[in-house]
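With mmCIF, C-alpha atoms, pLDDT in the B column; chains and numbers go by the auth columns inside, this is structure-v3.cif:
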data_protein
loop_
_atom_site.group_PDB
_atom_site.id
_atom_site.type_symbol
_atom_site.label_atom_id
_atom_site.label_comp_id
_atom_site.label_asym_id
_atom_site.label_seq_id
_atom_site.Cartn_x
_atom_site.Cartn_y
_atom_site.Cartn_z
_atom_site.B_iso_or_equiv
_atom_site.auth_seq_id
_atom_site.auth_asym_id
ATOM 1 C CA GLN A 1 15.071 -1.136 9.525 84.00 28 A
ATOM 2 C CA VAL A 2 12.796 0.555 7.040 91.00 29 A
ATOM 3 C CA GLN A 3 11.103 3.880 7.630 94.00 30 A
ATOM 4 C CA LEU A 4 7.933 4.565 5.682 96.00 31 A
ATOM 5 C CA VAL A 5 6.239 7.917 5.192 97.00 32 A
ATOM 6 C CA GLU A 6 2.904 8.192 3.416 97.00 33 A
ATOM 7 C CA SER A 7 1.638 11.314 1.718 97.00 34 A
ATOM 8 C CA GLY A 8 -1.023 12.428 -0.721 98.00 35 A
ATOM 9 C CA GLY A 9 -4.130 11.962 1.356 97.00 36 A
ATOM 10 C CA GLY A 10 -6.834 14.584 1.646 97.00 37 A
ATOM 11 C CA LEU A 11 -10.479 15.486 1.226 98.00 38 A
ATOM 12 C CA VAL A 12 -11.970 14.762 -2.190 98.00 39 A
ATOM 13 C CA GLN A 13 -15.407 14.325 -3.687 98.00 40 A
ATOM 14 C CA ALA A 14 -16.948 11.067 -4.828 98.00 41 A
ATOM 15 C CA GLY A 15 -15.739 10.218 -8.304 97.00 42 A
ATOM 16 C CA ASP A 16 -12.419 12.015 -7.903 98.00 43 A
ATOM 17 C CA SER A 17 -8.979 10.457 -8.130 98.00 44 A
ATOM 18 C CA LEU A 18 -6.097 10.590 -5.688 98.00 45 A
ATOM 19 C CA ARG A 19 -2.559 9.254 -5.685 98.00 46 A
ATOM 20 C CA LEU A 20 -0.905 8.219 -2.455 98.00 47 A
ATOM 21 C CA SER A 21 2.854 7.954 -2.125 98.00 48 A
ATOM 22 C CA CYS A 22 4.952 5.985 0.318 97.00 49 A
ATOM 23 C CA ALA A 23 8.587 6.996 0.615 95.00 50 A
ATOM 24 C CA ALA A 24 10.915 4.379 2.046 93.00 51 A
ATOM 25 C CA SER A 25 14.285 4.877 3.675 88.00 52 A
ATOM 26 C CA GLY A 26 16.741 2.789 5.614 84.00 53 A
ATOM 27 C CA ARG A 27 16.839 -0.091 3.170 70.00 54 A
ATOM 28 C CA THR A 28 16.800 -0.261 -0.595 75.00 55 A
ATOM 29 C CA LEU A 29 13.191 -0.515 -1.714 71.00 56 A
ATOM 30 C CA SER A 30 14.055 -3.303 -4.139 75.00 57 A
ATOM 31 C CA ARG A 31 14.719 -5.509 -1.103 83.00 58 A
ATOM 32 C CA VAL A 32 11.197 -5.256 0.284 90.00 59 A
ATOM 33 C CA ALA A 33 7.737 -6.299 -0.845 94.00 60 A
ATOM 34 C CA MET A 34 5.181 -3.559 -0.306 96.00 61 A
ATOM 35 C CA GLY A 35 1.529 -3.272 0.499 97.00 62 A
ATOM 36 C CA TRP A 36 -1.227 -0.797 1.218 98.00 63 A
ATOM 37 C CA PHE A 37 -3.865 -1.273 3.904 98.00 64 A
ATOM 38 C CA ARG A 38 -6.645 0.955 5.159 98.00 65 A
ATOM 39 C CA GLN A 39 -8.605 1.361 8.337 98.00 66 A
ATOM 40 C CA ALA A 40 -11.958 3.068 8.603 97.00 67 A
ATOM 41 C CA PRO A 41 -13.324 4.225 11.979 93.00 68 A
ATOM 42 C CA GLY A 42 -14.581 1.297 14.024 95.00 69 A
ATOM 43 C CA LYS A 43 -13.343 -1.280 11.514 96.00 70 A
ATOM 44 C CA GLU A 44 -10.435 -3.656 11.191 97.00 71 A
ATOM 45 C CA ARG A 45 -7.434 -2.715 9.111 97.00 72 A
ATOM 46 C CA GLU A 46 -8.013 -4.275 5.705 97.00 73 A
ATOM 47 C CA PHE A 47 -5.837 -5.209 2.793 98.00 74 A
ATOM 48 C CA VAL A 48 -5.922 -2.865 -0.197 98.00 75 A
ATOM 49 C CA ALA A 49 -3.079 -3.787 -2.549 98.00 76 A
ATOM 50 C CA ALA A 50 0.306 -5.462 -2.678 98.00 77 A
ATOM 51 C CA ILE A 51 3.267 -5.533 -5.033 97.00 78 A
ATOM 52 C CA SER A 52 6.192 -7.911 -5.153 95.00 79 A
ATOM 53 C CA ARG A 53 9.821 -6.860 -4.734 92.00 80 A
ATOM 54 C CA SER A 54 10.371 -7.247 -8.444 91.00 81 A
ATOM 55 C CA GLY A 55 7.207 -5.318 -9.284 92.00 82 A
ATOM 56 C CA ASP A 56 5.991 -8.051 -11.626 93.00 83 A
ATOM 57 C CA ASN A 57 3.128 -9.247 -9.436 96.00 84 A
ATOM 58 C CA THR A 58 0.318 -7.292 -7.838 97.00 85 A
ATOM 59 C CA ASN A 59 -2.837 -8.172 -5.927 97.00 86 A
ATOM 60 C CA TYR A 60 -5.864 -6.214 -4.773 97.00 87 A
ATOM 61 C CA GLY A 61 -8.357 -6.591 -2.018 96.00 88 A
ATOM 62 C CA GLY A 62 -12.072 -7.160 -2.572 88.00 89 A
ATOM 63 C CA SER A 63 -13.368 -5.351 -5.634 87.00 90 A
ATOM 64 C CA LEU A 64 -10.691 -2.685 -5.696 94.00 91 A
ATOM 65 C CA GLU A 65 -8.914 -3.928 -8.789 90.00 92 A
ATOM 66 C CA GLY A 66 -9.917 -1.731 -11.663 92.00 93 A
ATOM 67 C CA ARG A 67 -10.214 1.358 -9.482 97.00 94 A
ATOM 68 C CA PHE A 68 -6.926 1.135 -7.568 98.00 95 A
ATOM 69 C CA THR A 69 -3.462 0.581 -8.977 98.00 96 A
ATOM 70 C CA ILE A 70 -0.299 -0.088 -6.999 98.00 97 A
ATOM 71 C CA SER A 71 3.101 0.621 -8.515 97.00 98 A
ATOM 72 C CA ARG A 72 6.655 1.103 -7.385 95.00 99 A
ATOM 73 C CA ASP A 73 9.653 3.164 -8.391 93.00 100 A
ATOM 74 C CA ASN A 74 12.651 1.440 -6.895 88.00 101 A
ATOM 75 C CA ALA A 75 15.028 4.073 -8.225 89.00 102 A
ATOM 76 C CA ASN A 76 13.281 6.652 -6.058 89.00 103 A
ATOM 77 C CA ASP A 77 12.360 4.297 -3.186 89.00 104 A
ATOM 78 C CA THR A 78 8.693 5.140 -3.544 93.00 105 A
ATOM 79 C CA VAL A 79 5.510 3.111 -3.836 96.00 106 A
ATOM 80 C CA TYR A 80 2.285 4.581 -5.154 98.00 107 A
ATOM 81 C CA LEU A 81 -1.404 3.856 -4.859 98.00 108 A
ATOM 82 C CA GLN A 82 -3.444 5.429 -7.620 98.00 109 A
ATOM 83 C CA MET A 83 -7.112 5.581 -6.663 98.00 110 A
ATOM 84 C CA THR A 84 -9.848 6.477 -9.133 98.00 111 A
ATOM 85 C CA SER A 85 -13.640 6.744 -8.996 97.00 112 A
ATOM 86 C CA LEU A 86 -13.433 7.208 -5.260 98.00 113 A
ATOM 87 C CA LYS A 87 -16.468 6.384 -3.149 97.00 114 A
ATOM 88 C CA SER A 88 -17.485 7.432 0.334 96.00 115 A
ATOM 89 C CA GLU A 89 -16.720 3.906 1.544 96.00 116 A
ATOM 90 C CA ASP A 90 -13.078 4.453 0.579 97.00 117 A
ATOM 91 C CA THR A 91 -12.783 6.907 3.451 98.00 118 A
ATOM 92 C CA ALA A 92 -10.100 5.615 5.801 98.00 119 A
ATOM 93 C CA VAL A 93 -6.573 6.051 7.036 98.00 120 A
ATOM 94 C CA TYR A 94 -4.283 4.449 4.459 98.00 121 A
ATOM 95 C CA TYR A 95 -1.088 2.754 5.576 98.00 122 A
ATOM 96 C CA CYS A 96 1.811 1.444 3.567 98.00 123 A
ATOM 97 C CA ALA A 97 3.754 -1.555 4.785 97.00 124 A
ATOM 98 C CA ALA A 98 7.005 -3.278 3.904 96.00 125 A
ATOM 99 C CA ARG A 99 8.179 -6.854 4.200 94.00 126 A
ATOM 100 C CA ALA A 100 11.885 -7.609 4.118 91.00 127 A
ATOM 101 C CA ALA A 101 13.050 -10.373 1.804 87.00 128 A
ATOM 102 C CA ARG A 102 13.264 -13.813 3.377 85.00 129 A
ATOM 103 C CA SER A 103 14.892 -15.518 0.438 83.00 130 A
ATOM 104 C CA LEU A 104 16.672 -14.797 -2.792 82.00 131 A
ATOM 105 C CA TYR A 105 13.732 -16.506 -4.505 84.00 132 A
ATOM 106 C CA ASP A 106 10.753 -14.556 -3.146 86.00 133 A
ATOM 107 C CA GLY A 107 11.164 -11.622 -5.476 88.00 134 A
ATOM 108 C CA SER A 108 7.858 -12.294 -7.225 90.00 135 A
ATOM 109 C CA ALA A 109 5.820 -12.915 -4.092 92.00 136 A
ATOM 110 C CA TYR A 110 3.205 -10.514 -2.746 96.00 137 A
ATOM 111 C CA TYR A 111 1.580 -10.548 0.666 97.00 138 A
ATOM 112 C CA THR A 112 -1.972 -9.775 1.695 97.00 139 A
ATOM 113 C CA ALA A 113 -2.046 -10.355 5.452 97.00 140 A
ATOM 114 C CA ARG A 114 -1.120 -7.696 8.004 97.00 141 A
ATOM 115 C CA GLU A 115 1.018 -10.103 10.018 97.00 142 A
ATOM 116 C CA GLU A 116 3.218 -10.771 7.009 97.00 143 A
ATOM 117 C CA TYR A 117 4.604 -7.246 7.065 97.00 144 A
ATOM 118 C CA ASP A 118 7.527 -6.041 9.140 95.00 145 A
ATOM 119 C CA TYR A 119 7.316 -2.257 8.903 95.00 146 A
ATOM 120 C CA TRP A 120 4.475 0.245 8.821 97.00 147 A
ATOM 121 C CA GLY A 121 4.049 3.916 8.107 97.00 148 A
ATOM 122 C CA GLN A 122 2.014 6.334 10.215 97.00 149 A
ATOM 123 C CA GLY A 123 -0.808 6.556 7.737 98.00 150 A
ATOM 124 C CA THR A 124 -2.469 9.244 5.660 98.00 151 A
ATOM 125 C CA GLN A 125 -6.132 10.203 5.896 98.00 152 A
ATOM 126 C CA VAL A 126 -8.348 9.935 2.835 98.00 153 A
ATOM 127 C CA THR A 127 -11.828 11.379 3.128 98.00 154 A
ATOM 128 C CA VAL A 128 -14.319 11.068 0.285 98.00 155 A
ATOM 129 C CA SER A 129 -17.412 13.223 0.504 97.00 156 A
ATOM 130 C CA SER A 130 -20.549 12.131 -1.306 89.00 157 A
#

Whole structure, structure tokens version:
Amino acid sequence: QVQLVESGGGLVQAGDSLRLSCAASGRTLSRVAMGWFRQAPGKEREFVAAISRSGDNTNYGGSLEGRFTISRDNANDTVYLQMTSLKSEDTAVYYCAARAARSLYDGSAYYTAREEYDYWGQGTQVTVSS
């Protein structure tokens, strides 16, 4: 079991930056691949970013690369999502997710689909005012 707790959300203005954190417990973070998703009102939950267990591979949804950066600190069991140049359309609840290792050899794999993840946090609200 992995417990995930997001933090760092809030109300910001367009153009501002924000860093979300996801603290993991219950299993060593180095044993799980991580991802961030978001869900805006009335919309499907969408993929934002993913990082492999090893941290050497990352992937971003849509046109987010360049504005968003995912990183991980396995020593502190925390994953981060740095968001810059925020836009009103970034307003959503942001969720972090974890996928347990399936193999000794999937350390460099990242995952972009919701159904590929095993554990989810409760989410943190990000509101960007224009």

Study note, to complete from the structure: Restricting to all atoms listed in the file, whichever of A:Arg94, A:Arg65, A:Lys70, A:Arg126 is closest to Ala51 (chain A) is A:Arg126

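Here CA of Val120 (chain A) stands at a distance of 21.2 Å from CA of Ser52 (chain A).
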
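Put simply, CA of Leu31 (chain A) is 11.9 Å away from CA of Thr55 (chain A).
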
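Computed from the coordinates, the CA of Glu143 (chain A) to CA of Ser98 (chain A) distance equals 19.3 Å.
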
Check your understanding: Once you count all atoms listed in the file, which residues end up no further than 9 Å from (16.0, -9.9, 0.6) in the file's frame, shown as a list in words?
Key -> Ser57, Arg58, Val59, Arg80, Ala127, Ala128, Arg129, Ser130, Leu131, Tyr132, Asp133 and Gly134 of chain A

Practice item. Counting only C-alpha atoms, write as an MDAnalysis selection string all protein and nucleic acid residues lying at most 8 Å from (5.4, -2.4, -0.5) in the file's frame. Key: chainID A and resid 59:63 77:80 99 106 123:126

Exercise for review: Tell me which residues the PyMOL selection byres ((chain A and resi 101) around 6) grabs here, as a PyMOL selection string.
Suggested key: chain A and resi 56-57+100+102-104

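When only C-alpha atoms are used to measure the gap to Glu92 (chain A), the shortest distance among A:Thr105, A:Ser112, A:Ser48, A:Thr151 belongs to A:Ser112.
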
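Residue nearest Gly35 (chain A), chosen from A:Tyr122, A:Tyr138, A:Tyr87, A:Trp147 and counting all atoms listed in the file: A:Tyr122.
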
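With all atoms listed in the file as the atoms that count, the residue of A:Arg141, A:Thr118, A:Phe95, A:Leu113 with the shortest distance to Arg72 (chain A) is A:Arg141.
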
8 Å contact set for Gln109 (chain A), all atoms listed in the file, chain neighbours under 6 positions out, as a PDB file with C-alpha atoms, in the coordinates of the input:
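New file part.pdb:
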ATOM      1  CA  SER A  44      -8.979  10.457  -8.130  1.00 98.00           C
ATOM      2  CA  LEU A  45      -6.097  10.590  -5.688  1.00 98.00           C
ATOM      3  CA  ARG A  46      -2.559   9.254  -5.685  1.00 98.00           C
ATOM      4  CA  LEU A  47      -0.905   8.219  -2.455  1.00 98.00           C
ATOM      5  CA  PHE A  95      -6.926   1.135  -7.568  1.00 98.00           C
ATOM      6  CA  THR A  96      -3.462   0.581  -8.977  1.00 98.00           C
ATOM      7  CA  ILE A  97      -0.299  -0.088  -6.999  1.00 98.00           C
TER       8      ILE A  97
END

Would you give the centre and edge lengths, in Å to one decimal, of a box along x, y and z around the listed atoms of region 57-67 of chain A, with 8 Å added to each side, as lines of an AutoDock Vina configuration file?
center_x = 1.4
center_y = -1.6
center_z = 2.2
size_x = 42.7
size_y = 25.4
size_z = 28.7

Review point. Out of A:Arg54, A:Ser157, A:Cys49, A:Ala119, which residue has the shortest atom-to-atom distance to Gly37 (chain A) when counting all atoms listed in the file?
Key: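 Among A:Arg54, A:Ser157, A:Cys49, A:Ala119, it is A:Ala119 that comes nearest to Gly37 (chain A).
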
Check your understanding: Which one of A:Thr85, A:Gln149, A:Ser90, A:Thr154 sits closest to Glu33 (chain A) if you count only C-alpha atoms?
Key -> A:Gln149

Review point. Given the file above and the PyMOL selection byres ((chain A and resi 38) around 8), which residues are selected, and can you give them as a list in words?
Key: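 With the shown file as input, the PyMOL selection byres ((chain A and resi 38) around 8) matches Gly36, Gly37, Val39, Gln40, Val153, Thr154, Val155 and Ser156 of chain A.
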